[in-house]
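Pasting entry.cif here (mmCIF, C-alpha atoms):
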```cif
data_structure
#
loop_
_atom_site.label_atom_id
_atom_site.label_comp_id
_atom_site.auth_asym_id
_atom_site.auth_seq_id
_atom_site.Cartn_x
_atom_site.Cartn_y
_atom_site.Cartn_z
CA MET A 9 23.98 -181.41 55.12
CA ILE A 10 25.47 -178.56 53.11
CA ARG A 11 23.15 -175.68 52.39
CA PRO A 12 23.58 -173.63 49.20
CA SER A 13 24.79 -170.09 49.64
CA PHE A 14 22.64 -167.06 48.88
CA ASN A 15 24.45 -166.50 45.57
CA GLN A 16 23.90 -170.08 44.43
CA VAL A 17 20.16 -169.90 45.11
CA PHE A 18 19.19 -166.39 44.04
CA THR A 19 21.54 -165.33 41.26
CA LYS A 20 20.84 -167.97 38.64
CA PRO A 21 18.30 -166.38 36.28
CA SER A 22 15.81 -168.71 34.70
CA VAL A 23 14.83 -168.49 31.07
CA SER A 24 11.34 -167.22 31.90
CA CYS A 25 12.73 -164.37 34.03
CA ALA A 26 15.08 -163.32 31.24
CA ARG A 27 12.14 -163.12 28.83
CA LEU A 28 10.11 -160.96 31.21
CA LEU A 29 12.70 -158.33 32.10
CA PRO A 30 11.50 -155.70 29.60
CA VAL A 31 8.02 -155.54 31.17
CA LEU A 32 8.82 -155.85 34.85
CA TYR A 33 8.57 -152.12 35.45
CA THR A 34 7.60 -149.05 33.41
CA ARG A 35 6.57 -145.53 34.33
CA HIS A 36 4.03 -143.40 32.51
CA ARG A 37 2.68 -139.89 32.97
CA ALA A 38 -0.22 -138.72 30.78
CA ALA A 39 0.19 -135.03 31.59
CA PRO A 40 2.53 -132.90 33.74
CA ASP A 41 -0.12 -132.56 36.46
CA ALA A 42 -1.24 -136.21 36.23
CA PRO A 43 0.02 -138.82 38.71
CA ILE A 44 2.86 -141.14 37.76
CA ILE A 45 1.54 -144.56 36.81
CA ARG A 46 3.76 -147.56 37.46
CA VAL A 47 3.14 -150.70 35.41
CA ARG A 48 4.54 -153.96 36.76
CA LEU A 49 3.78 -157.66 36.77
CA ALA A 50 0.86 -158.46 39.02
CA HIS A 51 1.36 -160.93 41.86
CA VAL A 52 -0.83 -162.77 44.34
CA HIS A 53 -0.40 -160.07 46.98
CA ASP A 54 -2.44 -157.77 44.70
CA HIS A 55 -5.49 -160.01 45.09
CA ALA A 56 -7.56 -157.76 47.38
CA ALA A 57 -6.77 -154.61 45.40
CA VAL A 58 -7.56 -156.26 42.04
CA ALA A 59 -10.82 -157.69 43.39
CA ASP A 60 -11.74 -154.22 44.67
CA LEU A 61 -10.94 -152.68 41.26
CA LEU A 62 -13.02 -155.31 39.45
CA ALA A 63 -15.99 -154.81 41.77
CA ARG A 64 -15.76 -151.00 41.74
CA VAL A 65 -15.01 -150.25 38.09
CA ALA A 66 -16.26 -153.23 36.08
CA GLU A 67 -18.99 -154.32 38.50
CA VAL A 68 -17.96 -157.96 38.02
CA PRO A 69 -20.42 -160.18 39.95
CA ASP A 70 -17.79 -162.48 41.47
CA ALA A 71 -14.80 -160.14 41.64
CA VAL A 72 -12.84 -162.30 44.09
CA LEU A 73 -12.93 -165.34 41.80
CA HIS A 74 -12.14 -163.26 38.70
CA ALA A 75 -9.19 -161.62 40.48
CA ARG A 76 -7.86 -165.02 41.52
CA ARG A 77 -8.06 -166.21 37.89
CA LEU A 78 -6.22 -163.12 36.61
CA LEU A 79 -3.42 -163.43 39.17
CA ARG A 80 -2.75 -167.14 38.66
CA TYR A 81 -0.95 -167.23 35.35
CA ASP A 82 1.90 -169.15 33.78
CA PRO A 83 4.50 -166.50 32.85
CA ARG A 84 5.72 -168.63 29.95
CA THR A 85 2.39 -168.23 28.16
CA HIS A 86 0.49 -165.37 29.76
CA LEU A 87 1.15 -162.19 31.75
CA THR A 88 -0.99 -160.02 33.95
CA LEU A 89 0.17 -156.43 34.23
CA CYS A 90 -0.87 -154.16 37.05
CA ALA A 91 -0.96 -150.35 36.86
CA THR A 92 -0.54 -148.61 40.20
CA THR A 93 -0.41 -145.04 41.41
CA TRP A 94 0.08 -143.32 44.76
CA GLN A 95 -3.05 -141.98 46.44
CA GLY A 96 -3.30 -140.92 50.05
CA GLY A 97 0.20 -142.11 50.88
CA HIS A 98 -0.19 -145.69 49.66
CA GLU A 99 -0.08 -147.61 46.39
CA VAL A 100 -3.45 -148.15 44.70
CA VAL A 101 -4.15 -150.55 41.83
CA ALA A 102 -5.62 -148.36 39.08
CA GLY A 103 -5.72 -150.85 36.21
CA ILE A 104 -5.03 -154.40 35.12
CA ALA A 105 -4.29 -156.04 31.76
CA SER A 106 -3.89 -159.65 30.71
CA ILE A 107 -1.77 -160.48 27.65
CA ALA A 108 -0.57 -163.60 25.84
CA VAL A 109 3.23 -163.76 25.70
CA ASP A 110 3.31 -164.84 22.06
CA GLY A 111 0.36 -162.65 21.06
CA ASP A 112 0.11 -159.54 18.94
CA GLY A 113 0.31 -157.02 21.79
CA ARG A 114 -3.42 -156.56 22.23
CA PRO A 115 -4.53 -157.39 25.77
CA ASP A 116 -7.06 -160.17 26.33
CA GLU A 117 -8.51 -158.12 29.16
CA LEU A 118 -7.89 -154.50 30.06
CA LEU A 119 -9.55 -152.54 32.83
CA GLY A 120 -8.61 -149.10 34.07
CA ASP A 121 -10.02 -146.75 36.67
CA THR A 122 -11.53 -143.78 34.83
CA ASP A 123 -10.59 -141.47 37.73
CA VAL A 124 -6.86 -141.96 36.99
CA LEU A 125 -5.77 -140.10 33.87
CA GLY A 126 -3.80 -142.21 31.39
CA VAL A 127 -4.00 -145.60 33.09
CA THR A 128 -5.33 -147.46 30.02
CA ASP A 129 -2.71 -145.75 27.81
CA ALA A 130 0.04 -146.91 30.19
CA LEU A 131 -1.24 -150.49 30.09
CA HIS A 132 -1.54 -150.47 26.28
CA GLU A 133 2.02 -149.10 26.02
CA ALA A 134 3.38 -151.82 28.30
CA CYS A 135 1.53 -154.51 26.34
CA ARG A 136 2.92 -153.23 23.03
CA ALA A 137 6.43 -153.11 24.51
CA HIS A 138 6.25 -156.84 25.14
CA VAL A 139 5.40 -157.79 21.53
CA PRO A 140 8.32 -159.58 19.85
CA THR A 141 10.16 -157.45 17.27
CA ALA A 142 9.14 -159.67 14.32
CA LEU A 143 5.45 -159.17 15.11
CA ARG A 144 5.91 -155.43 15.60
CA ALA A 145 7.34 -155.07 12.07
CA THR A 146 4.28 -156.71 10.50
CA ALA A 147 1.70 -154.78 12.55
#
```

Since I need it in another form, could you write the structure as structure tokens?
Amino acid sequence: MIRPSFNQVFTKPSVSCARLLPVLYTRHRAAPDAPIIRVRLAHVHDHAAVADLLARVAEVPDAVLHARRLLRYDPRTHLTLCATTWQGGHEVVAGIASIAVDGDGRPDELLGDTDVLGVTDALHEACRAHVPTALRATA
């Protein structure tokens, strides 16, 4: 049996990955003394942190189930963006946004920790950056 090489397996970009490249990673700083906020695509490893954010900030009754629903998305139709910042030497999820890929740039859900300055602005900016150019011209 011949196994494919590393280059054959991992260097062929799929169409969905090519569409998502502009929103994979952004940085935002609300003020010079504010922490840097990193916005990236959320993934299943963020489950505990997102559930904690939902329970702490939004007081969602079943935060674990809601976090699972947010993190299981089809990237061809929907995205979940995660805003993180460094606190105490480790990365902390400070906000989360859910957006339709072919939507108008307004998030379906947006939640940010009020203790982190500029987190909702960073998420709104990342959502607007993903809107197709044709929709941006009409908005």

Run the PyMOL selection byres ((chain A and resi 95-106) around 9) mentally over the shown coordinates, then write out the matched residues as a PyMOL selection string, using the chain letters and numbers from the document.
chain A and resi 43+45+47+50+54+57-58+60-61+78+86-94+107-108+115-124+127-128+131-132+135

Ranking A:His74, A:Arg114, A:Arg80, A:Arg37 by minimum distance to His53 of chain A and counting all atoms listed in the file, which one comes first?
A:Arg80

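Atom CA of Leu73 of chain A sits 28.7 Å away from atom CA of Ala137 of chain A.
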
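Across the model, the gap from atom CA of Leu49 of chain A to atom CA of Arg136 of chain A is 14.5 Å.
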
Hey, can I get the axis-aligned box for segment 91-104 of chain A? All listed atoms, 3 Å padding on each side, centre and edge lengths in Å to one decimal, as JSON.
```
{"center_x": -2.8, "center_y": -147.7, "center_z": 43.0, "size_x": 11.9, "size_y": 19.5, "size_z": 21.8}
```

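Here atom CA of Leu79 of chain A stands at a distance of 7.1 Å from atom CA of His55 of chain A.
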
To verify the selection step, state as an NGL selection string which residues the PyMOL selection byres ((chain A and resi 109) around 9) yields on this input.
:A and (83-87 or 107-108 or 110-113 or 138-140)

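Among A:Ala134, A:Ala39, A:Ala75, A:Ala63, the residue with the shortest atom-to-atom distance to His51 of chain A, counting only C-alpha atoms, is A:Ala75.
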